[in-house]
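Participant: Input file: entry.csv. Contents: CSV, C-alpha atoms.
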```
chain,number,residue,atom,x,y,z
F,472,MET,CA,111.6,-3.1,258.2
F,473,SER,CA,110.5,-3.7,254.6
F,474,ALA,CA,113.0,-4.2,251.9
F,475,ASP,CA,112.5,-4.0,248.1
F,476,ARG,CA,113.2,-7.2,246.2
F,477,ILE,CA,114.8,-7.0,242.8
F,478,THR,CA,115.7,-10.1,240.9
F,479,LEU,CA,117.9,-10.4,237.9
F,480,THR,CA,118.6,-13.5,235.8
F,481,VAL,CA,121.6,-13.4,233.5
F,482,PRO,CA,123.5,-15.9,231.4
F,483,ALA,CA,126.4,-17.3,233.4
F,484,ARG,CA,129.0,-15.5,231.4
F,485,GLY,CA,131.7,-13.1,232.5
F,486,GLU,CA,130.7,-10.4,230.0
F,487,TYR,CA,127.6,-9.7,232.1
F,488,ALA,CA,129.7,-8.8,235.2
F,489,LYS,CA,129.5,-5.1,234.4
F,490,ALA,CA,125.8,-5.1,234.1
F,491,VAL,CA,125.5,-6.8,237.4
F,492,ARG,CA,127.9,-4.4,239.0
F,493,MET,CA,126.1,-1.4,237.6
F,494,THR,CA,122.8,-2.7,238.8
F,495,ALA,CA,124.1,-3.1,242.3
F,496,SER,CA,125.6,0.4,242.4
F,497,GLY,CA,122.4,1.8,240.9
F,498,LEU,CA,120.3,0.1,243.6
F,499,VAL,CA,122.3,1.6,246.5
F,500,ALA,CA,122.5,5.0,244.9
F,501,ARG,CA,120.1,6.6,247.4
F,502,MET,CA,121.5,4.9,250.4
F,503,ASN,CA,123.9,7.7,251.3
F,504,MET,CA,126.9,5.3,251.2
F,505,THR,CA,130.5,6.4,251.3
F,506,TYR,CA,132.6,6.2,248.3
F,507,ASP,CA,134.5,3.2,249.8
F,508,GLU,CA,131.3,1.4,250.8
F,509,LEU,CA,129.9,1.8,247.3
F,510,ASP,CA,133.1,0.5,245.8
F,511,ASP,CA,132.8,-2.5,248.1
F,512,VAL,CA,129.2,-3.1,246.8
F,513,ARG,CA,130.5,-3.0,243.3
F,514,ILE,CA,133.3,-5.4,243.9
F,515,ALA,CA,131.0,-7.7,245.9
F,516,ALA,CA,128.4,-7.8,243.2
F,517,GLU,CA,130.9,-8.6,240.5
F,518,GLU,CA,132.8,-11.1,242.6
F,519,ALA,CA,129.6,-13.0,243.6
F,520,PHE,CA,128.4,-13.1,240.1
F,521,VAL,CA,131.8,-14.4,238.7
F,522,TYR,CA,131.9,-16.9,241.5
F,523,ALA,CA,128.4,-18.1,240.5
F,524,CYS,CA,129.5,-18.3,236.8
F,525,ASP,CA,132.4,-20.5,237.8
F,526,HIS,CA,129.9,-22.7,239.6
F,527,SER,CA,127.4,-23.0,236.8
F,528,PRO,CA,127.2,-25.1,233.7
F,529,GLU,CA,128.6,-23.3,230.6
F,530,SER,CA,125.1,-22.6,229.2
F,531,GLY,CA,123.5,-21.9,232.6
F,532,GLU,CA,122.0,-18.8,234.1
F,533,VAL,CA,122.7,-17.0,237.3
F,534,ARG,CA,119.9,-15.7,239.4
F,535,LEU,CA,120.6,-12.8,241.6
F,536,GLU,CA,118.3,-11.4,244.2
F,537,PHE,CA,118.8,-8.0,245.7
F,538,LEU,CA,117.1,-7.0,248.9
F,539,VAL,CA,117.3,-3.3,249.2
F,540,ALA,CA,116.5,-1.9,252.6
F,541,GLU,CA,116.9,1.7,253.9
F,542,ASP,CA,120.5,1.3,254.8
F,543,SER,CA,121.7,-2.1,253.5
F,544,ILE,CA,121.8,-4.2,250.5
F,545,GLU,CA,121.7,-8.0,250.5
F,546,MET,CA,122.7,-9.9,247.4
F,547,LYS,CA,121.8,-13.6,247.2
F,548,VAL,CA,123.2,-15.5,244.3
F,549,ASN,CA,122.2,-19.0,243.4
F,550,LEU,CA,124.9,-21.5,242.8
F,551,SER,CA,124.8,-24.7,240.8
F,552,ASP,CA,126.1,-27.8,242.4
F,553,GLY,CA,129.8,-28.0,241.8
F,554,LEU,CA,132.6,-26.2,240.1
F,555,ARG,CA,132.6,-26.0,236.3
F,556,VAL,CA,136.3,-26.9,236.4
F,557,THR,CA,137.5,-29.0,239.3
F,558,ASP,CA,141.3,-28.8,239.2
F,559,GLU,CA,143.2,-27.5,242.2
F,560,GLU,CA,143.7,-24.1,240.6
F,561,ALA,CA,140.0,-23.6,240.3
F,562,GLU,CA,139.5,-24.6,243.9
F,563,ARG,CA,142.1,-22.2,245.0
F,564,ARG,CA,140.5,-19.4,243.0
F,565,ALA,CA,137.2,-20.2,244.6
F,566,ALA,CA,138.8,-19.9,248.0
F,567,TYR,CA,140.3,-16.6,247.1
F,568,ALA,CA,136.9,-15.3,245.9
F,569,THR,CA,135.5,-16.1,249.3
F,570,PHE,CA,138.3,-14.2,251.0
F,571,LEU,CA,137.6,-11.2,248.8
F,572,LEU,CA,133.8,-11.4,249.4
F,573,GLN,CA,134.4,-11.5,253.1
F,574,SER,CA,136.7,-8.5,253.0
F,575,VAL,CA,134.3,-6.3,251.2
F,576,SER,CA,131.1,-7.2,252.9
F,577,ASP,CA,129.6,-7.0,256.4
F,578,ARG,CA,128.2,-10.5,256.2
F,579,PHE,CA,129.1,-13.3,254.0
F,580,GLU,CA,127.5,-16.7,253.9
F,581,MET,CA,127.4,-19.8,251.8
F,582,SER,CA,124.5,-22.1,252.5
F,583,SER,CA,121.6,-23.8,250.9
F,584,ASP,CA,117.8,-23.6,251.0
F,585,GLU,CA,114.9,-25.2,249.1
F,586,SER,CA,116.1,-23.8,245.9
F,587,GLY,CA,119.6,-25.1,246.2
F,588,PRO,CA,123.0,-23.7,247.3
F,589,TYR,CA,123.5,-20.0,247.4
F,590,LEU,CA,125.9,-17.3,248.3
F,591,ARG,CA,124.8,-14.3,250.3
F,592,VAL,CA,126.6,-11.0,251.0
F,593,VAL,CA,125.3,-8.1,253.0
F,594,LYS,CA,126.6,-4.6,252.9
F,595,SER,CA,125.3,-1.9,255.2
F,596,VAL,CA,125.8,1.8,255.6
F,597,GLU,CA,128.1,2.6,258.5
F,598,ARG,CA,125.8,4.0,261.2
F,599,ASP,CA,127.9,6.0,263.6
F,600,ARG,CA,129.7,7.5,260.8
F,601,ASP,CA,131.2,10.4,262.7
F,602,ASP,CA,132.9,8.0,265.1
F,603,ALA,CA,134.1,5.8,262.4
F,604,LEU,CA,137.5,6.9,261.2
F,605,GLN,CA,138.7,5.0,258.2
O,972,MET,CA,129.2,-25.4,250.5
O,973,PRO,CA,127.9,-25.8,246.9
O,974,SER,CA,129.8,-28.9,246.1
O,975,SER,CA,130.5,-32.0,248.1
O,976,ARG,CA,133.4,-33.0,245.9
O,977,GLY,CA,135.6,-30.0,245.5
O,978,PRO,CA,135.7,-28.4,249.0
O,979,LYS,CA,137.1,-31.5,250.7
O,980,LYS,CA,140.3,-31.6,248.7
O,981,GLN,CA,140.4,-27.8,248.9
O,982,SER,CA,140.2,-27.7,252.7
O,983,ARG,CA,142.9,-30.3,253.2
O,984,LYS,CA,145.2,-28.3,251.0
O,985,LEU,CA,144.3,-25.0,252.7
O,986,SER,CA,144.8,-26.4,256.2
O,987,TRP,CA,148.2,-27.6,255.2
O,988,ASP,CA,148.8,-24.0,254.0
O,989,LYS,CA,147.7,-22.6,257.3
O,990,LYS,CA,150.1,-24.7,259.3
O,991,TYR,CA,153.0,-23.9,257.1
O,992,THR,CA,152.1,-20.2,257.1
O,993,LYS,CA,152.2,-20.3,260.9
O,994,GLU,CA,155.6,-22.0,260.9
O,995,LEU,CA,157.0,-19.4,258.4
O,996,PHE,CA,155.7,-16.5,260.5
O,997,ARG,CA,157.3,-18.1,263.6
O,998,ARG,CA,160.6,-18.4,261.8
O,999,TYR,CA,160.4,-14.9,260.5
O,1000,ARG,CA,159.3,-13.2,263.7
O,1001,LEU,CA,161.1,-15.1,266.3
O,1002,GLU,CA,164.2,-16.1,264.5
O,1003,GLY,CA,164.4,-13.1,262.1
O,1004,ASP,CA,164.6,-15.6,259.2
O,1005,GLU,CA,164.3,-13.3,256.1
O,1006,ALA,CA,164.1,-16.3,253.9
O,1007,ALA,CA,160.9,-17.3,255.6
O,1008,ARG,CA,159.5,-13.8,254.9
O,1009,ASP,CA,160.4,-14.2,251.2
O,1010,GLU,CA,158.8,-17.6,251.2
O,1011,LEU,CA,155.6,-16.1,252.6
O,1012,ILE,CA,155.6,-13.5,249.9
O,1013,THR,CA,156.0,-16.2,247.2
O,1014,MET,CA,153.4,-18.4,248.8
O,1015,TYR,CA,150.7,-15.7,248.8
O,1016,LEU,CA,151.6,-14.2,245.4
O,1017,ASN,CA,148.8,-16.3,243.9
O,1018,LEU,CA,146.3,-14.5,246.2
O,1019,VAL,CA,147.7,-11.2,245.1
O,1020,LYS,CA,147.4,-12.2,241.5
O,1021,TYR,CA,143.9,-13.2,242.0
O,1022,LEU,CA,142.9,-10.0,243.7
O,1023,ALA,CA,144.8,-7.9,241.2
O,1024,SER,CA,142.9,-9.7,238.4
O,1025,ARG,CA,139.6,-8.6,239.9
O,1026,PHE,CA,140.7,-5.0,239.1
O,1027,ARG,CA,142.0,-5.7,235.6
O,1028,ASN,CA,139.0,-4.4,233.8
O,1029,ARG,CA,139.7,-0.9,235.2
O,1030,GLY,CA,142.3,-0.5,232.5
O,1031,GLU,CA,145.6,-0.8,234.3
O,1032,PRO,CA,148.2,-3.3,233.1
O,1033,ILE,CA,147.9,-6.4,235.2
O,1034,ASP,CA,151.7,-6.4,236.0
O,1035,ASP,CA,151.3,-3.0,237.7
O,1036,LEU,CA,148.4,-4.2,239.7
O,1037,VAL,CA,150.3,-7.3,240.9
O,1038,GLN,CA,153.1,-5.0,241.9
O,1039,VAL,CA,150.7,-2.8,243.9
O,1040,GLY,CA,149.0,-5.8,245.4
O,1041,THR,CA,152.4,-7.2,246.4
O,1042,ILE,CA,153.1,-4.0,248.3
O,1043,GLY,CA,149.9,-4.7,250.2
O,1044,LEU,CA,150.9,-8.3,250.8
O,1045,ILE,CA,154.3,-7.2,252.2
O,1046,LYS,CA,152.6,-4.7,254.5
O,1047,ALA,CA,150.2,-7.4,255.7
O,1048,ILE,CA,153.1,-9.8,256.3
O,1049,ASP,CA,155.0,-7.2,258.3
O,1050,ARG,CA,152.0,-6.1,260.3
O,1051,PHE,CA,150.3,-9.4,260.9
O,1052,ASP,CA,149.9,-10.2,264.6
O,1053,ILE,CA,150.7,-13.9,264.9
O,1054,ASP,CA,149.2,-14.1,268.4
O,1055,ARG,CA,145.8,-13.0,267.2
O,1056,GLN,CA,143.4,-15.8,266.4
O,1057,VAL,CA,142.9,-14.6,262.8
O,1058,GLU,CA,143.9,-16.4,259.7
O,1059,PHE,CA,146.5,-14.6,257.7
O,1060,THR,CA,144.4,-14.6,254.5
O,1061,THR,CA,141.6,-12.9,256.4
O,1062,TYR,CA,144.0,-10.2,257.5
O,1063,ALA,CA,145.9,-9.9,254.2
O,1064,THR,CA,143.0,-9.8,251.8
O,1065,PRO,CA,141.6,-6.4,252.9
O,1066,THR,CA,145.1,-5.0,253.1
O,1067,ILE,CA,145.9,-6.0,249.5
O,1068,VAL,CA,142.4,-4.8,248.3
O,1069,GLY,CA,142.9,-1.5,250.1
O,1070,GLU,CA,146.2,-1.0,248.4
O,1071,LEU,CA,144.7,-1.7,245.0
O,1072,LYS,CA,141.8,0.7,245.6
O,1073,ARG,CA,144.0,3.5,246.7
O,1074,TYR,CA,146.1,3.0,243.6
O,1075,PHE,CA,143.1,3.5,241.4
O,1076,ARG,CA,142.0,6.5,243.4
O,1077,ASP,CA,145.3,8.1,242.7
O,1078,LYS,CA,145.2,7.5,239.0
O,1079,GLY,CA,144.5,9.8,236.1
O,1080,TRP,CA,142.1,9.3,233.2
O,1081,ALA,CA,142.3,8.4,229.6
O,1082,ILE,CA,141.3,10.9,226.9
O,1083,LYS,CA,138.9,8.3,225.4
O,1084,VAL,CA,136.4,9.0,228.2
O,1085,PRO,CA,133.9,11.6,227.2
O,1086,ARG,CA,135.2,15.0,228.2
O,1087,ARG,CA,132.3,15.7,230.6
O,1088,LEU,CA,132.8,12.5,232.4
O,1089,GLN,CA,136.5,12.7,232.4
O,1090,GLU,CA,136.3,16.1,234.0
O,1091,LEU,CA,133.7,15.0,236.5
O,1092,SER,CA,135.7,11.9,237.4
O,1093,PHE,CA,138.7,14.1,237.9
O,1094,LYS,CA,136.7,16.3,240.1
O,1095,VAL,CA,135.2,13.4,242.0
O,1096,ASN,CA,138.7,12.3,242.8
O,1097,GLN,CA,139.7,15.7,243.9
O,1098,ALA,CA,136.5,16.0,246.0
O,1099,MET,CA,137.3,12.6,247.5
O,1100,ASP,CA,140.7,13.8,248.6
O,1101,ALA,CA,139.5,17.1,250.0
O,1102,LEU,CA,136.5,15.7,251.8
O,1103,THR,CA,138.4,12.7,253.2
O,1104,GLN,CA,140.9,15.1,254.7
O,1105,ARG,CA,138.2,17.4,256.0
O,1106,LEU,CA,135.9,14.7,257.4
O,1107,GLN,CA,138.6,12.2,258.4
O,1108,ARG,CA,136.7,9.4,256.7
O,1109,SER,CA,135.5,8.4,253.2
O,1110,PRO,CA,132.8,10.9,252.2
O,1111,THR,CA,129.4,9.7,251.2
O,1112,ILE,CA,128.2,9.9,247.6
O,1113,GLU,CA,125.8,12.6,248.6
O,1114,GLU,CA,128.5,14.7,250.2
O,1115,ILE,CA,130.6,14.4,247.1
O,1116,ALA,CA,127.7,15.4,244.9
O,1117,GLU,CA,126.9,18.4,247.2
O,1118,TYR,CA,130.5,19.5,247.2
O,1119,LEU,CA,130.7,19.4,243.4
O,1120,GLU,CA,127.1,20.8,243.0
O,1121,VAL,CA,126.1,17.8,240.8
O,1122,THR,CA,123.6,15.0,241.4
O,1123,THR,CA,124.4,11.7,243.0
O,1124,ASP,CA,123.7,10.0,239.7
O,1125,ASP,CA,126.5,12.1,238.2
O,1126,VAL,CA,128.9,10.9,240.9
O,1127,LEU,CA,128.0,7.3,240.3
O,1128,GLU,CA,128.3,7.6,236.6
O,1129,ALA,CA,131.8,9.1,237.1
O,1130,MET,CA,132.7,6.2,239.3
O,1131,GLU,CA,131.5,3.8,236.6
O,1132,THR,CA,133.8,5.5,234.2
O,1133,SER,CA,136.7,4.0,236.1
O,1134,GLU,CA,136.4,1.3,233.4
O,1135,ALA,CA,138.3,3.7,231.2
O,1136,TYR,CA,141.3,4.3,233.3
O,1137,ASN,CA,144.2,5.0,231.0
O,1138,PHE,CA,146.1,2.3,229.1
O,1139,VAL,CA,149.2,4.3,228.6
O,1140,SER,CA,152.2,2.6,230.2
O,1141,LEU,CA,153.6,5.5,232.1
O,1142,GLU,CA,156.7,3.6,233.1
O,1143,GLY,CA,157.5,2.9,229.5
O,1144,ASP,CA,158.4,6.4,228.5
O,1145,ARG,CA,160.2,7.2,231.6
O,1146,GLY,CA,162.6,4.4,231.8
O,1147,GLY,CA,163.9,3.5,235.2
O,1148,ASP,CA,162.7,0.5,237.1
O,1149,GLY,CA,159.0,1.1,236.4
O,1150,SER,CA,157.7,1.6,239.8
O,1151,ASP,CA,158.4,5.2,240.4
O,1152,SER,CA,156.6,7.2,237.7
O,1153,PHE,CA,154.0,9.9,238.4
O,1154,SER,CA,150.5,9.2,237.4
O,1155,ILE,CA,149.3,11.2,234.5
O,1156,LEU,CA,147.4,13.4,236.9
O,1157,GLU,CA,150.5,14.3,238.8
O,1158,TYR,CA,152.7,14.5,235.8
O,1159,ILE,CA,150.6,17.0,234.0
O,1160,GLY,CA,149.3,19.0,237.0
O,1161,GLN,CA,152.3,19.4,239.1
O,1162,ASP,CA,154.9,20.6,236.7
O,1163,ASP,CA,152.8,23.7,236.2
O,1164,GLN,CA,152.4,24.2,239.8
O,1165,LEU,CA,156.1,23.9,240.4
O,1166,MET,CA,156.7,26.6,237.8
O,1167,ALA,CA,154.3,28.8,239.7
O,1168,ILE,CA,156.1,28.0,243.0
O,1169,VAL,CA,159.5,28.9,241.5
O,1170,ASP,CA,158.0,32.3,240.4
O,1171,ASP,CA,157.7,33.3,244.0
O,1172,ARG,CA,160.4,32.2,246.2
O,1173,ALA,CA,159.4,34.3,249.2
O,1174,THR,CA,156.0,32.8,249.3
O,1175,LEU,CA,157.6,29.4,248.8
O,1176,SER,CA,159.9,29.7,251.7
O,1177,ALA,CA,157.1,30.7,254.0
O,1178,ALA,CA,155.0,27.8,252.8
O,1179,LEU,CA,157.8,25.3,253.2
O,1180,LYS,CA,157.9,26.1,256.9
O,1181,GLN,CA,154.5,24.5,257.3
O,1182,LEU,CA,155.8,21.1,256.3
O,1183,SER,CA,157.3,18.5,258.6
O,1184,PRO,CA,161.0,17.8,258.3
O,1185,GLN,CA,160.2,14.5,256.6
O,1186,GLU,CA,158.0,16.2,254.0
O,1187,GLN,CA,160.6,18.8,253.4
O,1188,ARG,CA,163.2,16.1,253.0
O,1189,VAL,CA,161.1,14.2,250.4
O,1190,LEU,CA,160.6,17.4,248.4
O,1191,TYR,CA,164.3,18.2,248.6
O,1192,LEU,CA,165.3,14.7,247.5
O,1193,ARG,CA,162.8,14.7,244.6
O,1194,PHE,CA,163.2,18.1,243.2
O,1195,PHE,CA,166.7,19.3,244.2
O,1196,GLU,CA,168.6,16.0,244.2
O,1197,GLY,CA,166.4,14.6,241.4
O,1198,LEU,CA,166.1,11.2,243.0
O,1199,THR,CA,163.4,8.8,241.9
O,1200,GLN,CA,160.6,7.9,244.2
O,1201,THR,CA,162.1,4.5,244.7
O,1202,GLU,CA,165.5,5.9,245.6
O,1203,ILE,CA,163.8,8.3,248.1
O,1204,ALA,CA,161.8,5.4,249.5
O,1205,ARG,CA,165.0,3.4,250.1
O,1206,GLN,CA,166.8,6.4,251.7
O,1207,LEU,CA,163.9,7.1,254.1
O,1208,ASP,CA,163.0,3.5,254.7
O,1209,ILE,CA,159.4,3.9,253.6
O,1210,SER,CA,157.5,2.5,250.7
O,1211,GLN,CA,157.4,4.0,247.2
O,1212,MET,CA,153.6,4.4,247.6
O,1213,GLN,CA,154.2,6.5,250.7
O,1214,VAL,CA,156.7,8.7,248.9
O,1215,SER,CA,154.2,9.2,246.1
O,1216,ARG,CA,151.5,10.1,248.6
O,1217,LEU,CA,153.8,12.4,250.6
O,1218,LEU,CA,154.8,14.2,247.5
O,1219,ARG,CA,151.2,14.7,246.4
O,1220,LYS,CA,150.2,15.9,249.8
O,1221,THR,CA,153.1,18.4,250.2
O,1222,LEU,CA,152.7,19.8,246.8
O,1223,LYS,CA,149.0,20.3,247.6
O,1224,VAL,CA,149.8,22.1,250.8
O,1225,LEU,CA,152.3,24.3,249.1
O,1226,ARG,CA,149.9,25.0,246.2
O,1227,GLU,CA,147.1,25.9,248.6
O,1228,SER,CA,149.1,28.2,250.7
O,1229,ILE,CA,150.5,30.0,247.7
O,1230,VAL,CA,147.0,30.5,246.2
O,1231,ARG,CA,146.0,32.0,249.6
O,1232,GLU,CA,148.9,34.4,249.4
O,1233,HIS,CA,147.9,35.8,246.1
```
Rewrite the structure from the file as structure tokens, please.

Facilitator:
Amino acid sequence: MSADRITLTVPARGEYAKAVRMTASGLVARMNMTYDELDDVRIAAEEAFVYACDHSPESGEVRLEFLVAEDSIEMKVNLSDGLRVTDEEAERRAAYATFLLQSVSDRFEMSSDESGPYLRVVKSVERDRDDALQ
Amino acid sequence: MPSSRGPKKQSRKLSWDKKYTKELFRRYRLEGDEAARDELITMYLNLVKYLASRFRNRGEPIDDLVQVGTIGLIKAIDRFDIDRQVEFTTYATPTIVGELKRYFRDKGWAIKVPRRLQELSFKVNQAMDALTQRLQRSPTIEEIAEYLEVTTDDVLEAMETSEAYNFVSLEGDRGGDGSDSFSILEYIGQDDQLMAIVDDRATLSAALKQLSPQEQRVLYLRFFEGLTQTEIARQLDISQMQVSRLLRKTLKVLRESIVREH
């Protein structure tokens, strides 16, 4: 199955979270998602971006890659090596962020490839919708 | 993991948390130790604060969000199955997030939002409720659009407007303990409907018969005894959020059956 690839590079600053979130919700607009699923996509996009900002140098950029398939969206966000702030509080926040990402996505992964460490979340449209009582 | 420095310290800390969490759950569940439950709540308040902060740009005071999130946390603590091989945080996070999402869904809108969007957002919320009830699941964006006879883009735009949720502190003007005010939506809408109900007692009494004893009781306590939602929650041993939802639901049932009658 072919997926469309959309990449977005934004300054690693929180004020761009809204643009990232709106991009994500715009990309899934035709996917026939439920209200709750779409809200999850928005939260995931924003959270992944903010997480990446926290893991980027102050003047850095965050590169986001969206893979949009017929019934799923994958967001891959590059991470710099290491937290911007490394106190215990920041680490705890990072852990919380991963809990949140897990809870709003169908798949969540932190790994690394040739271009460095990354974070990936996948959200799909529920298939057997009529059996899936919320 | 992105960093080889941070995560090590973090995982040591977190694994200590995990052990201690287990111990607290054991004391609470098996020995009925309420202090252990309180400690669990305190221990995970930081998680609640974090999750609540992710919703702060939707325009609600952070304190209110932390309160709502804490209700979710308490639910998670009381429902968590200690025998299942699931981390408490894995279980608690979606419960807390769910509570926060529901809170926003139940909210009204600020006047600052352009009127068209404000109205549409309001309608999207209504459509959400109606369709959720009809379909027994969250409706798709398309279904909402079809229901409202607008485009999916319109629905998405309305959802984006959630940035502009109202900043008015509802609790401020009402006094009390702050947790039991109506949302603007309920406050404005339902007084009128109640007036209409009072106009026609015969219809009302027929309509009331459709409600369950608990729903009738909540209505009675709220509008005849004049209790706050928190007081009702305490009397019926349910959460204030549940009272709020029951009230909205029952008033809606009454409203609909009265509209049918006329």

Participant: Go ahead and compute the interatomic distance for CA of Arg1073 (chain O) and CA of Leu1179 (chain O), in Å to one decimal.

Facilitator: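 Result for CA of Arg1073 (chain O) versus CA of Leu1179 (chain O): 26.6 Å, one decimal.
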
Participant: Go through F:Ser527, F:Glu562, F:Met581, F:Phe520 one by one, measure the shortest atom-to-atom distance of each to Ala490 (chain F) using all atoms listed in the file, and give the residue with the smallest value.

Facilitator: F:Phe520

Participant: Can you work out which residues from chain F touch chain O at a cut-off of 9 Å (counting only C-alpha atoms) and hand them back as number ranges by chain?

Facilitator: F: 493, 496-497, 500-510, 514, 517-518, 526, 550-554, 557-559, 562-564, 566-568, 570-571, 573-575, 581-583, 587-590, 600-601, 603-605

Participant: Residues as selected, C-alpha atoms, written as a PDB file, keeping the file's coordinate frame, can you do that?

Facilitator:
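This went into selection34.pdb:
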```pdb
ATOM      1  CA  MET F 493     126.100  -1.400 237.600  1.00  0.00           C
ATOM      2  CA  SER F 496     125.600   0.400 242.400  1.00  0.00           C
ATOM      3  CA  GLY F 497     122.400   1.800 240.900  1.00  0.00           C
ATOM      4  CA  ALA F 500     122.500   5.000 244.900  1.00  0.00           C
ATOM      5  CA  ARG F 501     120.100   6.600 247.400  1.00  0.00           C
ATOM      6  CA  MET F 502     121.500   4.900 250.400  1.00  0.00           C
ATOM      7  CA  ASN F 503     123.900   7.700 251.300  1.00  0.00           C
ATOM      8  CA  MET F 504     126.900   5.300 251.200  1.00  0.00           C
ATOM      9  CA  THR F 505     130.500   6.400 251.300  1.00  0.00           C
ATOM     10  CA  TYR F 506     132.600   6.200 248.300  1.00  0.00           C
ATOM     11  CA  ASP F 507     134.500   3.200 249.800  1.00  0.00           C
ATOM     12  CA  GLU F 508     131.300   1.400 250.800  1.00  0.00           C
ATOM     13  CA  LEU F 509     129.900   1.800 247.300  1.00  0.00           C
ATOM     14  CA  ASP F 510     133.100   0.500 245.800  1.00  0.00           C
ATOM     15  CA  ILE F 514     133.300  -5.400 243.900  1.00  0.00           C
ATOM     16  CA  GLU F 517     130.900  -8.600 240.500  1.00  0.00           C
ATOM     17  CA  GLU F 518     132.800 -11.100 242.600  1.00  0.00           C
ATOM     18  CA  HIS F 526     129.900 -22.700 239.600  1.00  0.00           C
ATOM     19  CA  LEU F 550     124.900 -21.500 242.800  1.00  0.00           C
ATOM     20  CA  SER F 551     124.800 -24.700 240.800  1.00  0.00           C
ATOM     21  CA  ASP F 552     126.100 -27.800 242.400  1.00  0.00           C
ATOM     22  CA  GLY F 553     129.800 -28.000 241.800  1.00  0.00           C
ATOM     23  CA  LEU F 554     132.600 -26.200 240.100  1.00  0.00           C
ATOM     24  CA  THR F 557     137.500 -29.000 239.300  1.00  0.00           C
ATOM     25  CA  ASP F 558     141.300 -28.800 239.200  1.00  0.00           C
ATOM     26  CA  GLU F 559     143.200 -27.500 242.200  1.00  0.00           C
ATOM     27  CA  GLU F 562     139.500 -24.600 243.900  1.00  0.00           C
ATOM     28  CA  ARG F 563     142.100 -22.200 245.000  1.00  0.00           C
ATOM     29  CA  ARG F 564     140.500 -19.400 243.000  1.00  0.00           C
ATOM     30  CA  ALA F 566     138.800 -19.900 248.000  1.00  0.00           C
ATOM     31  CA  TYR F 567     140.300 -16.600 247.100  1.00  0.00           C
ATOM     32  CA  ALA F 568     136.900 -15.300 245.900  1.00  0.00           C
ATOM     33  CA  PHE F 570     138.300 -14.200 251.000  1.00  0.00           C
ATOM     34  CA  LEU F 571     137.600 -11.200 248.800  1.00  0.00           C
ATOM     35  CA  GLN F 573     134.400 -11.500 253.100  1.00  0.00           C
ATOM     36  CA  SER F 574     136.700  -8.500 253.000  1.00  0.00           C
ATOM     37  CA  VAL F 575     134.300  -6.300 251.200  1.00  0.00           C
ATOM     38  CA  MET F 581     127.400 -19.800 251.800  1.00  0.00           C
ATOM     39  CA  SER F 582     124.500 -22.100 252.500  1.00  0.00           C
ATOM     40  CA  SER F 583     121.600 -23.800 250.900  1.00  0.00           C
ATOM     41  CA  GLY F 587     119.600 -25.100 246.200  1.00  0.00           C
ATOM     42  CA  PRO F 588     123.000 -23.700 247.300  1.00  0.00           C
ATOM     43  CA  TYR F 589     123.500 -20.000 247.400  1.00  0.00           C
ATOM     44  CA  LEU F 590     125.900 -17.300 248.300  1.00  0.00           C
ATOM     45  CA  ARG F 600     129.700   7.500 260.800  1.00  0.00           C
ATOM     46  CA  ASP F 601     131.200  10.400 262.700  1.00  0.00           C
ATOM     47  CA  ALA F 603     134.100   5.800 262.400  1.00  0.00           C
ATOM     48  CA  LEU F 604     137.500   6.900 261.200  1.00  0.00           C
ATOM     49  CA  GLN F 605     138.700   5.000 258.200  1.00  0.00           C
TER      50      GLN F 605
END
```

Participant: Distance CA of Glu580 (chain F)-CA of Pro482 (chain F), one decimal place?

Facilitator: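 Computed distance, CA of Glu580 (chain F) to CA of Pro482 (chain F), equals 22.9 Å.
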
Participant: Return as AutoDock Vina command-line options the box centre and box size in Å, one decimal, for an axis-aligned box around all listed atoms of region 496-509 of chain F padded by 4 Å per side.

Facilitator:
```
--center_x 127.3 --center_y 3.9 --center_z 246.1 --size_x 22.4 --size_y 15.6 --size_z 18.4
```

Participant: Would you compute the distance between CA of Thr1199 (chain O) and CA of Gln1181 (chain O)? Give it in Å to one decimal.

Facilitator: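 Separation between CA of Thr1199 (chain O) and CA of Gln1181 (chain O): 23.7 Å.
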
Participant: Excluding Arg534 (chain F) and residues on its chain fewer than 3 positions from it, collect all residues at most 8 Å away from it, counting only C-alpha atoms, and give them as a list in words.

Facilitator: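 Neighbouring residues, sequence-local ones excluded: Thr478, Leu479, Thr480, Val481, Val548 and Asn549 of chain F.
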
Participant: Using only C-alpha atoms, which residue out of F:Ser576, F:Thr569, F:Ser473, F:Thr494 lies closest to Glu536 (chain F)?

Facilitator: F:Thr494

Participant: Between F:Leu572, F:Arg484, F:Val499, F:Glu545, which is the closest to Val521 (chain F) once you count all atoms listed in the file?

Facilitator: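 Nearest to Val521 (chain F): F:Arg484.
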
Participant: Return the single residue from F:Met546, F:Glu486, F:Ala565, F:Lys594 that is closest to Arg578 (chain F), with distances computed using only C-alpha atoms.

Facilitator: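 Going through F:Met546, F:Glu486, F:Ala565, F:Lys594 one by one, the smallest distance to Arg578 (chain F) is for F:Lys594.
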